[in-house]
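Okay, query.pdb is below, PDB, C-alpha atoms:
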```pdb
ATOM      1  CA  MET A   1    -120.833  88.206  53.336
ATOM      2  CA  TYR A   2    -121.124  89.703  56.805
ATOM      3  CA  ALA A   3    -117.988  90.872  58.545
ATOM      4  CA  VAL A   4    -117.420  89.419  61.989
ATOM      5  CA  THR A   5    -116.642  91.025  65.325
ATOM      6  CA  ARG A   6    -114.420  89.073  67.698
ATOM      7  CA  ARG A   7    -116.467  85.932  68.137
ATOM      8  CA  LEU A   8    -118.480  83.579  65.984
ATOM      9  CA  LEU A   9    -121.229  81.452  67.491
ATOM     10  CA  VAL A  10    -122.201  78.227  65.794
ATOM     11  CA  GLY A  11    -125.637  77.562  67.232
ATOM     12  CA  ALA A  12    -127.780  74.478  67.491
ATOM     13  CA  LYS A  13    -129.859  75.619  64.514
ATOM     14  CA  ASN A  14    -126.880  75.157  62.240
ATOM     15  CA  SER A  15    -126.244  71.562  61.157
ATOM     16  CA  ALA A  16    -122.528  72.218  60.576
ATOM     17  CA  THR A  17    -119.861  71.252  63.059
ATOM     18  CA  LEU A  18    -116.513  72.853  63.774
ATOM     19  CA  CYS A  19    -114.925  70.332  61.428
ATOM     20  CA  ASP A  20    -116.986  71.678  58.524
ATOM     21  CA  LEU A  21    -116.521  75.414  59.060
ATOM     22  CA  TYR A  22    -113.878  77.770  57.704
ATOM     23  CA  VAL A  23    -114.444  81.484  58.345
ATOM     24  CA  PHE A  24    -112.192  84.379  57.335
ATOM     25  CA  VAL A  25    -113.013  88.088  57.068
ATOM     26  CA  ASP A  26    -111.344  91.237  55.785
ATOM     27  CA  GLN A  27    -112.895  93.781  58.149
ATOM     28  CA  LEU A  28    -114.483  93.967  61.569
ATOM     29  CA  THR A  29    -117.816  95.733  61.271
ATOM     30  CA  GLU A  30    -120.845  93.514  61.804
ATOM     31  CA  THR A  31    -121.761  90.315  63.630
ATOM     32  CA  VAL A  32    -122.580  87.151  61.728
ATOM     33  CA  THR A  33    -124.725  84.381  63.182
ATOM     34  CA  SER A  34    -125.081  80.742  62.274
ATOM     35  CA  ASN A  35    -128.272  81.505  60.322
ATOM     36  CA  ASP A  36    -126.266  83.643  57.868
ATOM     37  CA  LEU A  37    -123.862  80.859  56.866
ATOM     38  CA  ASP A  38    -124.389  78.817  53.723
ATOM     39  CA  ILE A  39    -123.656  75.344  55.050
ATOM     40  CA  VAL A  40    -125.030  72.109  53.652
ATOM     41  CA  LEU A  41    -124.536  68.891  55.608
ATOM     42  CA  ASP A  42    -126.300  65.615  54.971
ATOM     43  CA  ARG A  43    -127.000  63.072  57.646
ATOM     44  CA  VAL A  44    -123.984  61.617  59.387
ATOM     45  CA  GLY A  45    -122.156  59.203  57.145
ATOM     46  CA  LYS A  46    -123.719  60.634  53.956
ATOM     47  CA  GLY A  47    -121.026  63.213  53.294
ATOM     48  CA  SER A  48    -121.049  66.984  53.374
ATOM     49  CA  GLN A  49    -120.483  70.059  51.274
ATOM     50  CA  ARG A  50    -118.013  72.213  53.155
ATOM     51  CA  SER A  51    -118.223  75.934  52.571
ATOM     52  CA  GLY A  52    -115.120  78.085  52.779
ATOM     53  CA  LEU A  53    -116.060  81.723  53.355
ATOM     54  CA  ALA A  54    -113.373  84.114  52.182
ATOM     55  CA  GLN A  55    -113.186  87.759  51.115
ATOM     56  CA  GLY A  56    -110.060  89.778  50.547
ATOM     57  CA  ALA A  57    -107.313  89.642  53.181
ATOM     58  CA  MET A  58    -107.696  86.983  55.838
ATOM     59  CA  TRP A  59    -108.206  87.981  59.459
ATOM     60  CA  ALA A  60    -108.127  85.478  62.309
ATOM     61  CA  MET A  61    -110.581  85.848  65.178
ATOM     62  CA  LEU A  62    -111.478  84.327  68.524
ATOM     63  CA  ILE A  63    -114.118  81.648  68.162
ATOM     64  CA  GLU A  64    -116.740  80.633  70.696
ATOM     65  CA  VAL A  65    -118.376  77.420  69.613
ATOM     66  CA  SER A  66    -121.535  75.791  70.912
ATOM     67  CA  LEU A  67    -121.404  72.511  69.022
ATOM     68  CA  ILE A  68    -124.421  70.578  67.884
ATOM     69  CA  GLY A  69    -126.301  68.761  70.626
ATOM     70  CA  SER A  70    -127.030  65.073  70.232
ATOM     71  CA  GLN A  71    -128.418  62.169  72.149
ATOM     72  CA  HIS A  72    -124.881  61.521  73.413
ATOM     73  CA  PHE A  73    -123.490  64.970  74.195
ATOM     74  CA  SER A  74    -125.335  68.195  74.927
ATOM     75  CA  ALA A  75    -123.160  70.704  76.822
ATOM     76  CA  PRO A  76    -121.298  73.565  75.063
ATOM     77  CA  VAL A  77    -117.529  73.835  74.781
ATOM     78  CA  LYS A  78    -115.593  77.072  74.389
ATOM     79  CA  SER A  79    -112.340  77.772  72.624
ATOM     80  CA  ASN A  80    -110.267  80.764  73.726
ATOM     81  CA  LEU A  81    -107.412  80.257  71.297
ATOM     82  CA  PRO A  82    -105.227  83.339  70.712
ATOM     83  CA  VAL A  83    -105.297  85.103  67.365
ATOM     84  CA  SER A  84    -101.796  83.826  66.578
ATOM     85  CA  ARG A  85    -103.039  80.235  66.951
ATOM     86  CA  LEU A  86    -105.985  80.754  64.651
ATOM     87  CA  SER A  87    -103.735  82.442  62.116
ATOM     88  CA  GLN A  88    -101.934  79.117  61.789
ATOM     89  CA  LEU A  89    -105.188  77.509  60.705
ATOM     90  CA  CYS A  90    -104.946  79.404  57.406
ATOM     91  CA  ASP A  91    -101.974  77.246  56.458
ATOM     92  CA  ASP A  92    -102.614  74.529  53.883
ATOM     93  CA  HIS A  93    -101.380  71.756  56.184
ATOM     94  CA  THR A  94    -103.853  72.425  58.986
ATOM     95  CA  MET A  95    -107.595  72.231  59.520
ATOM     96  CA  LEU A  96    -109.640  69.118  58.759
ATOM     97  CA  ARG A  97    -107.888  65.735  58.948
ATOM     98  CA  SER A  98    -109.174  62.188  58.452
ATOM     99  CA  LEU A  99    -107.953  58.846  59.789
ATOM    100  CA  GLU A 100    -108.984  55.463  58.412
ATOM    101  CA  ILE A 101    -109.207  52.696  61.003
ATOM    102  CA  GLY A 102    -109.412  49.028  60.116
ATOM    103  CA  ALA A 103    -109.791  45.863  62.209
ATOM    104  CA  VAL A 104    -110.570  42.150  61.770
ATOM    105  CA  LEU A 105    -111.902  39.446  64.063
ATOM    106  CA  SER A 106    -111.194  35.982  62.619
ATOM    107  CA  GLU A 107    -112.032  32.306  63.270
ATOM    108  CA  ILE A 108    -115.519  33.254  64.442
ATOM    109  CA  ASP A 109    -117.421  30.409  66.081
ATOM    110  CA  GLN A 110    -120.334  29.177  63.960
ATOM    111  CA  ALA A 111    -122.875  29.432  66.788
ATOM    112  CA  HIS A 112    -121.907  33.035  67.531
ATOM    113  CA  ARG A 113    -121.339  34.198  63.945
ATOM    114  CA  ASP A 114    -124.636  36.032  63.551
ATOM    115  CA  ARG A 115    -124.557  37.324  67.116
ATOM    116  CA  LEU A 116    -121.144  39.019  67.135
ATOM    117  CA  PHE A 117    -120.962  42.651  65.998
ATOM    118  CA  TRP A 118    -118.846  45.799  66.168
ATOM    119  CA  LYS A 119    -120.204  48.464  68.498
ATOM    120  CA  PRO A 120    -120.261  51.988  66.968
ATOM    121  CA  LYS A 121    -117.905  53.659  69.392
ATOM    122  CA  ILE A 122    -114.164  54.285  69.296
ATOM    123  CA  ALA A 123    -111.464  55.394  71.728
ATOM    124  CA  LEU A 124    -108.617  57.018  69.825
ATOM    125  CA  SER A 125    -105.382  58.759  70.768
ATOM    126  CA  LEU A 126    -105.316  62.286  69.264
ATOM    127  CA  ASP A 127    -103.304  65.454  69.784
ATOM    128  CA  CYS A 128    -105.799  68.053  71.049
ATOM    129  CA  PHE A 129    -105.302  71.723  70.182
ATOM    130  CA  VAL A 130    -108.040  72.757  72.640
ATOM    131  CA  CYS A 131    -106.227  71.628  75.811
ATOM    132  CA  GLU A 132    -102.819  71.723  74.057
ATOM    133  CA  ARG A 133    -101.910  68.160  75.024
ATOM    134  CA  VAL A 134    -100.615  65.395  72.773
ATOM    135  CA  GLY A 135    -101.732  61.772  72.899
ATOM    136  CA  ARG A 136    -105.095  62.409  74.571
ATOM    137  CA  THR A 137    -107.634  59.573  74.690
ATOM    138  CA  THR A 138    -110.633  60.781  72.680
ATOM    139  CA  PHE A 139    -114.015  59.038  72.862
ATOM    140  CA  LEU A 140    -116.230  59.012  69.771
ATOM    141  CA  GLU A 141    -119.668  57.554  69.070
ATOM    142  CA  TRP A 142    -121.321  57.010  65.695
ATOM    143  CA  GLY A 143    -123.982  59.682  65.193
ATOM    144  CA  ALA A 144    -122.497  62.194  67.638
ATOM    145  CA  GLU A 145    -121.353  65.515  66.141
ATOM    146  CA  ARG A 146    -118.438  65.906  68.569
ATOM    147  CA  ALA A 147    -116.133  63.839  70.732
ATOM    148  CA  VAL A 148    -114.877  63.939  74.318
ATOM    149  CA  CYS A 149    -111.172  64.491  75.023
ATOM    150  CA  MET A 150    -109.720  63.244  78.294
ATOM    151  CA  SER A 151    -107.338  66.137  78.790
ATOM    152  CA  GLY A 152    -106.216  64.976  82.225
ATOM    153  CA  ARG A 153    -106.799  62.309  84.848
ATOM    154  CA  ASN A 154    -109.985  64.000  86.091
ATOM    155  CA  GLU A 155    -110.515  66.507  83.300
ATOM    156  CA  GLN A 156    -112.396  66.264  80.032
ATOM    157  CA  HIS A 157    -113.901  68.539  77.404
ATOM    158  CA  PHE A 158    -115.653  68.392  74.047
ATOM    159  CA  THR A 159    -113.536  68.515  70.923
ATOM    160  CA  ALA A 160    -114.143  68.786  67.185
ATOM    161  CA  ALA A 161    -113.998  65.169  66.028
ATOM    162  CA  ARG A 162    -116.544  62.633  64.833
ATOM    163  CA  ILE A 163    -116.968  59.237  63.214
ATOM    164  CA  ALA A 164    -117.625  60.042  59.560
ATOM    165  CA  ALA A 165    -117.944  56.437  58.352
ATOM    166  CA  PHE A 166    -118.529  53.102  60.077
ATOM    167  CA  ASP A 167    -118.703  50.121  57.711
ATOM    168  CA  VAL A 168    -118.897  46.492  58.841
ATOM    169  CA  THR A 169    -118.365  43.525  56.523
ATOM    170  CA  SER A 170    -118.623  39.795  57.279
ATOM    171  CA  GLN A 171    -116.861  37.196  55.144
ATOM    172  CA  ASP A 172    -116.700  33.483  55.890
ATOM    173  CA  ASP A 173    -115.481  33.380  59.498
ATOM    174  CA  ARG A 174    -114.236  36.969  59.598
ATOM    175  CA  LEU A 175    -115.850  40.194  60.841
ATOM    176  CA  MET A 176    -114.181  43.296  59.409
ATOM    177  CA  LEU A 177    -114.490  46.963  60.300
ATOM    178  CA  ARG A 178    -113.535  50.066  58.340
ATOM    179  CA  SER A 179    -114.142  53.433  59.978
ATOM    180  CA  VAL A 180    -113.151  57.018  59.143
ATOM    181  CA  VAL A 181    -112.669  59.645  61.842
ATOM    182  CA  ASP A 182    -112.697  63.354  60.930
ATOM    183  CA  PHE A 183    -111.084  65.799  63.349
ATOM    184  CA  TRP A 184    -109.880  69.385  63.444
ATOM    185  CA  TRP A 185    -106.145  69.701  63.959
ATOM    186  CA  ALA A 186    -103.697  72.568  64.342
ATOM    187  CA  PRO A 187     -99.966  72.609  65.181
ATOM    188  CA  PHE A 188     -98.989  73.363  68.786
ATOM    189  CA  LYS A 189     -96.485  72.361  71.455
ATOM    190  CA  ASP A 190     -97.586  70.231  74.370
ATOM    191  CA  ALA A 191     -98.452  72.487  77.300
ATOM    192  CA  LYS A 192     -96.779  70.134  79.804
ATOM    193  CA  ARG A 193     -93.893  68.438  78.008
ATOM    194  CA  GLY A 194     -93.281  70.759  75.062
ATOM    195  CA  GLY A 195     -93.362  68.143  72.300
ATOM    196  CA  PRO A 196     -94.874  69.044  68.897
ATOM    197  CA  SER A 197     -98.343  67.890  67.870
ATOM    198  CA  LYS A 198     -98.937  65.565  64.916
ATOM    199  CA  PRO A 199    -102.110  64.834  62.912
ATOM    200  CA  VAL A 200    -101.700  61.071  63.343
ATOM    201  CA  SER A 201    -102.535  58.396  65.901
ATOM    202  CA  ASP A 202    -100.750  55.281  67.129
ATOM    203  CA  TRP A 203    -103.429  53.830  69.416
ATOM    204  CA  VAL A 204    -107.077  52.846  69.102
ATOM    205  CA  ARG A 205    -109.572  50.790  71.098
ATOM    206  CA  LEU A 206    -112.532  49.201  69.281
ATOM    207  CA  HIS A 207    -115.577  47.692  70.961
ATOM    208  CA  TYR A 208    -117.620  44.618  70.075
ATOM    209  CA  GLY A 209    -120.762  43.031  71.442
ATOM    210  CA  CYS A 210    -122.111  39.475  71.426
ATOM    211  CA  TYR A 211    -125.463  37.872  72.200
ATOM    212  CA  CYS A 212    -124.995  34.383  73.585
ATOM    213  CA  PRO A 213    -126.917  31.713  71.604
ATOM    214  CA  ASN A 214    -127.644  29.924  74.891
ATOM    215  CA  GLN A 215    -129.464  32.972  76.251
ATOM    216  CA  GLU A 216    -132.464  33.433  73.959
ATOM    217  CA  HIS A 217    -133.924  36.295  75.998
ATOM    218  CA  GLN A 218    -130.672  38.160  76.583
ATOM    219  CA  GLU A 219    -131.667  41.853  76.443
ATOM    220  CA  THR A 220    -128.202  43.420  76.453
ATOM    221  CA  PRO A 221    -125.116  41.993  74.711
ATOM    222  CA  ASP A 222    -121.852  41.151  76.389
ATOM    223  CA  ASP A 223    -119.305  43.911  75.930
ATOM    224  CA  GLY A 224    -115.671  43.516  74.912
ATOM    225  CA  SER A 225    -112.900  45.431  73.199
ATOM    226  CA  ILE A 226    -109.631  45.086  71.331
ATOM    227  CA  GLN A 227    -106.858  47.671  71.193
ATOM    228  CA  THR A 228    -103.524  48.387  69.604
ATOM    229  CA  ASN A 229    -101.090  47.594  72.410
ATOM    230  CA  VAL A 230    -101.971  44.044  73.492
ATOM    231  CA  ARG A 231    -100.320  40.685  72.923
ATOM    232  CA  ARG A 232    -101.604  38.778  69.899
ATOM    233  CA  PRO A 233    -103.100  36.434  68.925
ATOM    234  CA  SER A 234    -105.678  36.450  71.701
ATOM    235  CA  LYS A 235    -108.923  34.514  72.041
ATOM    236  CA  LEU A 236    -112.236  36.267  72.631
ATOM    237  CA  ARG A 237    -114.762  34.453  74.784
ATOM    238  CA  CYS A 238    -118.508  34.770  75.296
ATOM    239  CA  GLY A 239    -119.334  36.385  78.617
ATOM    240  CA  GLU A 240    -122.249  34.001  79.204
ATOM    241  CA  CYS A 241    -121.244  30.515  78.053
ATOM    242  CA  LYS A 242    -117.473  31.228  78.106
ATOM    243  CA  ALA A 243    -117.068  29.608  74.675
ATOM    244  CA  GLU A 244    -114.347  30.880  72.355
ATOM    245  CA  ILE A 245    -116.125  33.135  69.856
ATOM    246  CA  ALA A 246    -113.289  34.647  67.781
ATOM    247  CA  VAL A 247    -109.585  35.380  67.549
ATOM    248  CA  ASP A 248    -107.966  38.807  67.658
ATOM    249  CA  ALA A 249    -104.896  38.133  65.523
ATOM    250  CA  GLU A 250    -104.304  41.413  63.658
ATOM    251  CA  VAL A 251    -103.315  44.792  65.065
ATOM    252  CA  PRO A 252    -105.925  47.438  64.125
ATOM    253  CA  SER A 253    -104.629  49.674  61.344
ATOM    254  CA  ILE A 254    -104.616  53.485  61.495
ATOM    255  CA  ARG A 255    -103.928  55.404  58.298
ATOM    256  CA  LEU A 256    -103.865  59.163  57.718
ATOM    257  CA  LEU A 257    -106.031  60.037  54.713
ATOM    258  CA  THR A 258    -105.795  63.847  54.685
TER     259      THR A 258
END
```
Produce structure tokens that represent the structure in this file.
Amino acid sequence: MYAVTRRLLVGAKNSATLCDLYVFVDQLTETVTSNDLDIVLDRVGKGSQRSGLAQGAMWAMLIEVSLIGSQHFSAPVKSNLPVSRLSQLCDDHTMLRSLEIGAVLSEIDQAHRDRLFWKPKIALSLDCFVCERVGRTTFLEWGAERAVCMSGRNEQHFTAARIAAFDVTSQDDRLMLRSVVDFWWAPFKDAKRGGPSKPVSDWVRLHYGCYCPNQEHQETPDDGSIQTNVRRPSKLRCGECKAEIAVDAEVPSIRLLT
């Protein structure tokens, strides 16, 4: 294994993301590039083999990451975390975390049953170690290798999170969703209010689309969403014919897996 200087660059030629990479070294002598790492990652949603590189005593280092480009996101994001912060990542209760998200739409109208679907994008509240803020709205899209954190009212940056699974099931008059979100987490105190970070979430917004049966040549579906903190039960209506298409009766579930 190559020893690393002060920075590690994960380039676009490497199919691994920040969530899949653990790097520790015992001496500082030679630079390692993304082509030297033994990382195996299948297509999104197919699982991955995560490689932990370790040799002797563990040294933390500054990391500069240029995450994988995709059709959704393409600009690089940099992390200038201090060595003390990265040292915390060696602890067994840090690093990669996973949340399972579940939701149900019920009493689906017969005419709209085959035209209603879950859209593969999620807005999720996460504590972000990059901007050191808790409860940041994070936007994720299925197939994207990274997410976007809204760190402030007019500020945003890329962060190491992605939708790892997005499974939709229909049953009778119900449309169910089960999704898994992987994200990189580390303990910190909120830079503005001082509260501690947690690897959990208490808020999610899920999006759905619907093609109206009265609009045979409708090219784009109507867009709608459900979220954690709304009054229930609530009726969902078609944006074209205004008919009631489903009922949002259950609060979306969020469960920490790892």
Which polymer residues have any atom within 8 Å of an atom of Pro120 of chain A, counting all atoms listed in the file, with same-chain residues fewer than 4 positions away left out, as a PyMOL selection string? chain A and resi 141-142+166+207
Hey, what comes out of the PyMOL selection byres ((chain A and resi 228-234) around 6) on this file? Could you write it as JSON, numbers by chain? {"A": [203, 204, 227, 235, 247, 248, 249, 251]}
Do a neighbour search on Ser106 of chain A at 6 Å with only C-alpha atoms, toss out local chain neighbours closer than 4 positions, and write the hits as a list in words.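 Once the nearby chain positions are removed, what remains is Asp173, Arg174, Ala246 and Val247 of chain A.
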Which of A:Lys192, A:Glu132, A:Trp184, A:Ile245 sits closest to Gly209 of chain A [using only C-alpha atoms]: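 For Gly209 of chain A, the nearest of the given residues is A:Ile245.
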Which residue is closest to Asp190 of chain A? Choose from A:Glu216, A:Asp127, A:Glu145, A:Asp202 and count all atoms listed in the file.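 Closest to Asp190 of chain A, using all atoms listed in the file: A:Asp127.
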Given the PyMOL selection byres ((chain A and resi 242) around 12), the residues it picks as an MDAnalysis selection string: chainID A and resid 112 210:214 222 235:241 243:246
With 10 Å as the threshold, what does the neighbourhood of (-104.0, 67.2, 75.4) contain in terms of residues, counting only C-alpha atoms? Coordinates are those of the file; answer as a list in words.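 The answer, in the requested form, is Ser125, Leu126, Asp127, Cys128, Phe129, Val130, Cys131, Glu132, Arg133, Val134, Gly135, Arg136, Thr137, Thr138, Cys149, Met150, Ser151, Gly152, Gln156, Lys189, Asp190, Ala191, Lys192 and Ser197 of chain A.
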When distances are computed from only C-alpha atoms, which of A:Phe188, A:Leu99, A:Phe117, A:Arg255 shows the smallest separation from Ser225 of chain A?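 Under the stated criterion, the closest residue is A:Phe117.
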Place a sphere of radius 6 Å on (-108.2, 47.2, 64.3) in the file coordinates and name every protein, DNA or RNA residue with an atom inside or on its surface, counting only C-alpha atoms; give the answer as a compact mmCIF listing (two decimals) with C-alpha atoms, keeping the file's coordinate frame.
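To be explicit, this is the file written out as selection-v7.txt:
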```txt
# COMPACT_ATOMS: atom_id res chain seq x y z
CA GLY A 102 -109.41 49.03 60.12
CA ALA A 103 -109.79 45.86 62.21
CA VAL A 251 -103.32 44.79 65.06
CA PRO A 252 -105.92 47.44 64.12
CA SER A 253 -104.63 49.67 61.34
```
To one decimal place in Å, what is the distance between atom CA of Ile163 of chain A and atom CA of Leu116 of chain A?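 Calculated distance between atom CA of Ile163 of chain A and atom CA of Leu116 of chain A is 21.0 Å.
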What is the atom CA of Ala160 of chain A-atom CA of Asp182 of chain A distance in Å, reported with one decimal?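 Calculated distance between atom CA of Ala160 of chain A and atom CA of Asp182 of chain A is 8.4 Å.
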Atom CA of His157 of chain A and atom CA of Ser201 of chain A, how far apart in Å?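 Separating atom CA of Ser201 of chain A from atom CA of His157 of chain A is a distance of 19.1 Å.
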Using all atoms listed in the file, pick whichever of A:Val181, A:Ile101, A:Ala111, A:Met176 has the shortest atom-to-atom distance to Ile254 of chain A.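 With all atoms listed in the file as the atom set, the closest residue is A:Ile101.
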